[in-house]
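Below is one structure; the comments refer to it alone.
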Amino acid sequence: MNALYAFFAVALLMLVAFFGVWGLGWNTLFAVMIPYAALAIFIIGLIYRVVKWARAPVPFHIPTTCGQQKSLPWIKSDRIESPSSTMGVVARMAMEILLFRSLFRNDKVQLEDKKRVTFQGNRVLWLGGLVFHWSLLIILFRHSRLFMQPVPDFMIFVRDIDGILQGLIPAVFITDIAILMALTYLFLRRVVFPQVRYISLPSDYFALFLLLGVVILGVLVKTAWKVDIEGVKVLAMGMFTFNPVVPEGIGPAFYIHIFLASVLLAYFPFSKLMHGPGIFLSPTRNLINNSRAVRHINPWDYPVKVHTYEEWEDEFREAIRGVGLPLEKE
Amino acid sequence: MYDAGKIISGIIIFFILVSFPIWISAASGTIGDVPELNLPADEEQCVEDAEWMRANHMDLLIDWRETVVREGVRVYTASDGKEYNMSLTDTCLDCHSPKAEFCDQCHDYVAAVPNCWSCHVDPGGS
């Protein structure tokens, strides 16, 4: 049911773009105004969310570690999994961001014969997630040719590597196939496994379908439902110089593609997709594990009015001495 | 805000990184250039409708190639009934020559690098 809501939402968005352009001819709205607005929402929303997080105090020192903490010199410590220096944290974060280190640790727990609990490494989700994110990055990088004039050779080089399976025109890109497979897996995972289905909300499916929609249309505009790519670039470069012109006859598939991408961009700061920036701000990952060496000051601490033993003794010195109890200070 | 220095530099680095195409283009000074197509002066019409050609000419060419090389058929009947010899050099470049002022203009712009010219000759080129 949740998946259906999300599916209809994305289908509706596609229809809106299609009829907006093909029926009503609102090309400028879909090609210029909405993308500009989406970009503005993305930038402002992203900064707003990150600043909001940065204003939240970290009351406790809570790095989660998976290795020996640095202590005595002859005890070997794990400098990355339990980082004792900034460099260690940088290495740890890099592994987390580039290779999804902690997802790699994902385990499947099973009850065997109702007696024995077994744990088994489960790397499928890690693989699906990694393939999806890396493909997306390379695809976005390939898009940069539409925003650059002249196009540098390293972009063409990356494109040629990605299209190394060529032999066909239009070229078949490895990342296009990979991202479609990864997204399909990420979706099926939510439908097939009852536990995952139970916790899947419409917003989980919405992000997936939106991405799938963008990717499928992106493949279509290069293959079966071609658009005038030169016109697209004229439009994109015009938007950068704040002098947008919408060339005639780009083709409706482009407008649906760009509309879904705009929705994704505008939706980003308000959704679970913020896990991207969020990973940088996770105290469990970005803190140095040095709580025994350096005191973590809770920013919430306010000066508490304390009454020390010495003060207490001063107050009751005579009475204590009177009953013959020992005193710290005579 | 805690760690304001790190947060602000993080945000700035992110936006500089993702906007790298703008900086590269702006530095080159060619940011506003668009392809200038030298259209044949004595012809009015392309093989197919020009708007369709802009998006689909590569498919047409591949189709031509396959028809010629695999089936030995060399005559293409366009949708308006006119007949063309299915040839890259003799037909396309007969009207659109030199290719540097037509095909390459677009292709350089969108960074398309068709490998056709390693075998097919460009009659207008030097």
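As shown in the structure tokens, the chain order sets the letters A, B, ...; within each chain, residues go from 1, and ligands are also counted from 1 in the order they appear.
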Extract, using only C-alpha atoms, all DNA, RNA and protein residues at most 10 Å from region 55-61 of chain A, discarding same-chain residues fewer than 4 positions from it, and format them as a list of chain:residue names. A:Arg49, A:Val50, A:Val51, A:Ser282, A:Pro283, A:Thr284, A:Leu287, A:Ile288, A:Asn289, A:Asn290, A:Ser291, A:Arg295, A:His296, A:Ile297, A:Asn298, A:Pro299, A:Trp300, A:Asp301, B:Met1, B:Tyr2, B:Asp3, B:Ala4
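With only C-alpha atoms taken into account, the protein and nucleic acid residues at most 9 Å from Phe259 (chain A) (excluding it and anything under 2 positions from it in its own chain) are A:Leu13, A:Met14, A:Ala17, A:Phe30, A:Ala31, A:Ile34, A:Pro35, A:Val214, A:Phe254, A:Tyr255, A:Ile256, A:His257, A:Ala261, A:Ser262, A:Val263, A:Leu264.
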Just the residues within 10 Å of Leu211 (chain A), please, counting only C-alpha atoms, with nothing from its chain fewer than 6 positions along; format it as a list in words.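 Returned residues: Val10, Leu136, Ile179, Leu180, Leu183, Tyr205, Leu217, Leu260, Ala261 and Leu264 of chain A.
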Would you save the residues from that selection as a compact mmCIF listing (two decimals), in the first residue's frame, using N, CA, C and O atoms?
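New file result_32.txt:
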# COMPACT_ATOMS: atom_id res chain seq x y z
N VAL A 10 4.63 9.59 -7.98
CA VAL A 10 5.64 9.82 -9.01
C VAL A 10 4.99 9.79 -10.40
O VAL A 10 5.31 10.62 -11.27
N LEU A 136 25.52 6.77 -9.31
CA LEU A 136 24.90 8.10 -9.34
C LEU A 136 25.97 9.18 -9.46
O LEU A 136 25.84 10.12 -10.26
N ILE A 179 22.98 1.22 -12.05
CA ILE A 179 22.08 1.97 -11.17
C ILE A 179 20.66 1.42 -11.27
O ILE A 179 19.94 1.36 -10.27
N LEU A 180 20.27 0.97 -12.45
CA LEU A 180 18.94 0.40 -12.59
C LEU A 180 18.83 -0.88 -11.78
O LEU A 180 17.83 -1.11 -11.08
N LEU A 183 18.84 0.06 -7.97
CA LEU A 183 17.58 0.63 -7.51
C LEU A 183 16.48 -0.42 -7.47
O LEU A 183 15.65 -0.43 -6.55
N TYR A 205 9.61 4.71 -0.27
CA TYR A 205 9.36 4.32 -1.65
C TYR A 205 9.41 5.52 -2.58
O TYR A 205 9.85 5.43 -3.72
N LEU A 217 13.97 7.83 -17.37
CA LEU A 217 13.83 8.86 -18.40
C LEU A 217 15.17 9.29 -18.93
O LEU A 217 15.31 9.60 -20.12
N LEU A 260 11.28 15.72 -12.84
CA LEU A 260 11.49 14.76 -11.75
C LEU A 260 12.78 15.08 -11.00
O LEU A 260 12.83 15.03 -9.77
N ALA A 261 13.82 15.45 -11.75
CA ALA A 261 15.09 15.78 -11.09
C ALA A 261 14.91 17.02 -10.22
O ALA A 261 15.46 17.10 -9.12
N LEU A 264 13.18 16.05 -7.08
CA LEU A 264 14.13 15.35 -6.22
C LEU A 264 15.02 16.34 -5.49
O LEU A 264 15.26 16.24 -4.28
Select residues of chain A: the criterion is any atom within 6 Å of an atom of chain B, counting only C-alpha atoms; output as a CSV table (one decimal) with C-alpha atoms, in the first residue's frame.
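As a result, out36.csv now contains:
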chain,number,residue,atom,x,y,z
A,54,ALA,CA,25.3,22.2,14.0
A,55,ARG,CA,23.3,24.2,16.6
A,147,PHE,CA,27.2,22.6,-18.0
A,148,MET,CA,30.7,23.1,-19.2
A,149,GLN,CA,32.1,24.9,-22.2
A,226,LYS,CA,15.4,10.9,-28.1
A,227,VAL,CA,15.8,14.6,-27.4
A,228,ASP,CA,17.9,17.3,-29.0
Within 8 Å of region 80-87 of chain B using only C-alpha atoms, minus same-chain residues under 4 positions, as a short mmCIF file (atom, residue, chain, number, x, y, z; two decimals) with N, CA, C and O atoms, in the first residue's frame:
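Written file, part37.cif:
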data_model
loop_
_atom_site.label_atom_id
_atom_site.label_comp_id
_atom_site.auth_asym_id
_atom_site.auth_seq_id
_atom_site.Cartn_x
_atom_site.Cartn_y
_atom_site.Cartn_z
N VAL B 47 17.23 15.45 -45.11
CA VAL B 47 16.67 14.15 -45.48
C VAL B 47 15.31 13.95 -44.83
O VAL B 47 14.34 13.55 -45.46
N GLU B 48 15.29 14.23 -43.55
CA GLU B 48 14.01 14.21 -42.83
C GLU B 48 13.82 15.59 -42.22
O GLU B 48 14.68 16.46 -42.34
N TRP B 64 21.16 3.44 -41.73
CA TRP B 64 21.69 3.43 -43.10
C TRP B 64 22.85 2.46 -43.21
O TRP B 64 22.93 1.66 -44.13
N ARG B 65 23.74 2.57 -42.28
CA ARG B 65 24.93 1.73 -42.34
C ARG B 65 24.53 0.26 -42.36
O ARG B 65 25.02 -0.52 -43.17
N VAL B 68 22.91 -0.78 -45.65
CA VAL B 68 23.85 -0.89 -46.76
C VAL B 68 24.75 -2.10 -46.58
O VAL B 68 24.89 -2.94 -47.47
N ARG B 74 20.86 0.31 -51.09
CA ARG B 74 21.51 1.61 -50.99
C ARG B 74 20.55 2.78 -51.15
O ARG B 74 20.97 3.94 -51.09
N VAL B 75 19.27 2.49 -51.36
CA VAL B 75 18.35 3.60 -51.59
C VAL B 75 17.44 3.77 -50.39
O VAL B 75 16.85 2.81 -49.89
N TYR B 76 17.38 5.01 -49.92
CA TYR B 76 16.53 5.31 -48.76
C TYR B 76 15.38 6.18 -49.23
O TYR B 76 15.59 7.18 -49.93
N THR B 91 26.16 11.61 -49.27
CA THR B 91 24.87 12.26 -49.11
C THR B 91 24.94 13.35 -48.03
O THR B 91 24.82 14.54 -48.35
N CYS B 92 25.15 12.96 -46.79
CA CYS B 92 25.17 13.95 -45.70
C CYS B 92 26.19 15.04 -46.01
O CYS B 92 25.88 16.23 -46.00
#
Calculated over only C-alpha atoms, which of the candidates A:Phe209, A:Tyr198, A:Trp53, A:Phe104 has the smallest distance to Ala9 (chain A)? A:Phe209
When DSSP is applied to the backbone of this structure, which of region 47-164 of chain A are assigned helix (DSSP H, G or I)? Write them out as a VMD selection string. chain A and resid 47 to 54 86 to 99 101 to 104 124 to 146 153 to 162
How about saving the chosen residues, C-alpha atoms kept, as an mmCIF file, in the first residue's frame?
data_model
loop_
_atom_site.group_PDB
_atom_site.id
_atom_site.type_symbol
_atom_site.label_atom_id
_atom_site.label_comp_id
_atom_site.auth_asym_id
_atom_site.auth_seq_id
_atom_site.Cartn_x
_atom_site.Cartn_y
_atom_site.Cartn_z
ATOM 1 C CA ILE A 47 22.295 25.086 4.534
ATOM 2 C CA TYR A 48 19.309 25.466 6.863
ATOM 3 C CA ARG A 49 19.291 21.811 7.832
ATOM 4 C CA VAL A 50 23.045 21.591 8.326
ATOM 5 C CA VAL A 51 23.152 24.760 10.406
ATOM 6 C CA LYS A 52 20.241 23.471 12.463
ATOM 7 C CA TRP A 53 22.147 20.285 13.191
ATOM 8 C CA ALA A 54 25.275 22.246 13.990
ATOM 9 C CA THR A 86 42.195 13.717 13.771
ATOM 10 C CA MET A 87 43.916 11.818 10.971
ATOM 11 C CA GLY A 88 42.331 8.632 12.262
ATOM 12 C CA VAL A 89 38.913 10.269 12.169
ATOM 13 C CA VAL A 90 39.518 11.514 8.640
ATOM 14 C CA ALA A 91 40.474 8.020 7.529
ATOM 15 C CA ARG A 92 37.475 6.567 9.319
ATOM 16 C CA MET A 93 35.086 9.069 7.759
ATOM 17 C CA ALA A 94 36.606 8.473 4.333
ATOM 18 C CA MET A 95 35.991 4.732 4.686
ATOM 19 C CA GLU A 96 32.479 5.438 5.836
ATOM 20 C CA ILE A 97 31.660 7.869 3.038
ATOM 21 C CA LEU A 98 33.472 6.230 0.152
ATOM 22 C CA LEU A 99 33.030 2.564 1.063
ATOM 23 C CA ARG A 101 32.282 0.755 6.124
ATOM 24 C CA SER A 102 29.645 0.306 8.799
ATOM 25 C CA LEU A 103 27.047 -1.066 6.410
ATOM 26 C CA PHE A 104 29.616 -3.677 5.461
ATOM 27 C CA VAL A 124 23.904 -7.589 -0.213
ATOM 28 C CA LEU A 125 22.513 -4.317 1.054
ATOM 29 C CA TRP A 126 26.015 -2.914 1.247
ATOM 30 C CA LEU A 127 26.697 -3.905 -2.328
ATOM 31 C CA GLY A 128 23.391 -2.513 -3.578
ATOM 32 C CA GLY A 129 23.900 0.755 -1.767
ATOM 33 C CA LEU A 130 27.491 1.141 -2.867
ATOM 34 C CA VAL A 131 26.732 0.393 -6.510
ATOM 35 C CA PHE A 132 23.826 2.814 -6.472
ATOM 36 C CA HIS A 133 25.740 5.708 -4.934
ATOM 37 C CA TRP A 134 28.864 5.331 -7.043
ATOM 38 C CA SER A 135 26.843 4.997 -10.233
ATOM 39 C CA LEU A 136 24.899 8.096 -9.340
ATOM 40 C CA LEU A 137 28.106 10.029 -8.762
ATOM 41 C CA ILE A 138 29.581 8.972 -12.093
ATOM 42 C CA ILE A 139 26.321 9.707 -13.910
ATOM 43 C CA LEU A 140 26.160 13.172 -12.374
ATOM 44 C CA PHE A 141 29.755 13.694 -13.403
ATOM 45 C CA ARG A 142 28.926 12.655 -16.959
ATOM 46 C CA HIS A 143 26.151 15.250 -16.953
ATOM 47 C CA SER A 144 28.727 17.943 -16.323
ATOM 48 C CA ARG A 145 29.427 18.073 -20.057
ATOM 49 C CA LEU A 146 26.093 19.842 -20.409
ATOM 50 C CA ASP A 153 39.248 15.821 -21.669
ATOM 51 C CA PHE A 154 39.002 14.082 -18.311
ATOM 52 C CA MET A 155 35.218 14.191 -18.520
ATOM 53 C CA ILE A 156 35.297 12.582 -21.960
ATOM 54 C CA PHE A 157 37.777 10.058 -20.588
ATOM 55 C CA VAL A 158 35.435 9.062 -17.763
ATOM 56 C CA ARG A 159 32.558 8.842 -20.232
ATOM 57 C CA ASP A 160 34.567 6.606 -22.543
ATOM 58 C CA ILE A 161 35.550 4.281 -19.708
ATOM 59 C CA ASP A 162 31.950 4.102 -18.578
#
What is the distance, in Å and to one decimal place, between CA of Gly124 (chain B) and CA of Ser97 (chain B)?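 Separation of CA of Gly124 (chain B) and CA of Ser97 (chain B): 5.4 Å.
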Given only C-alpha atoms as the basis, pick out the residue of A:Leu39, A:Leu46, A:Val191, A:Glu330 nearest to His275 (chain A).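 Between A:Leu39, A:Leu46, A:Val191, A:Glu330, the residue approaching His275 (chain A) most closely is A:Leu46.
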Where does DSSP see strand (DSSP E or B) in region 14-109 of chain B, if you list the residues as a ChimeraX atom specification? /B:75-77,83-85
What does the structure give for the distance between CA of Phe119 (chain A) and CA of Ile199 (chain A), in Å to one decimal?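 So the two atoms, CA of Phe119 (chain A) and CA of Ile199 (chain A), lie 21.5 Å apart.
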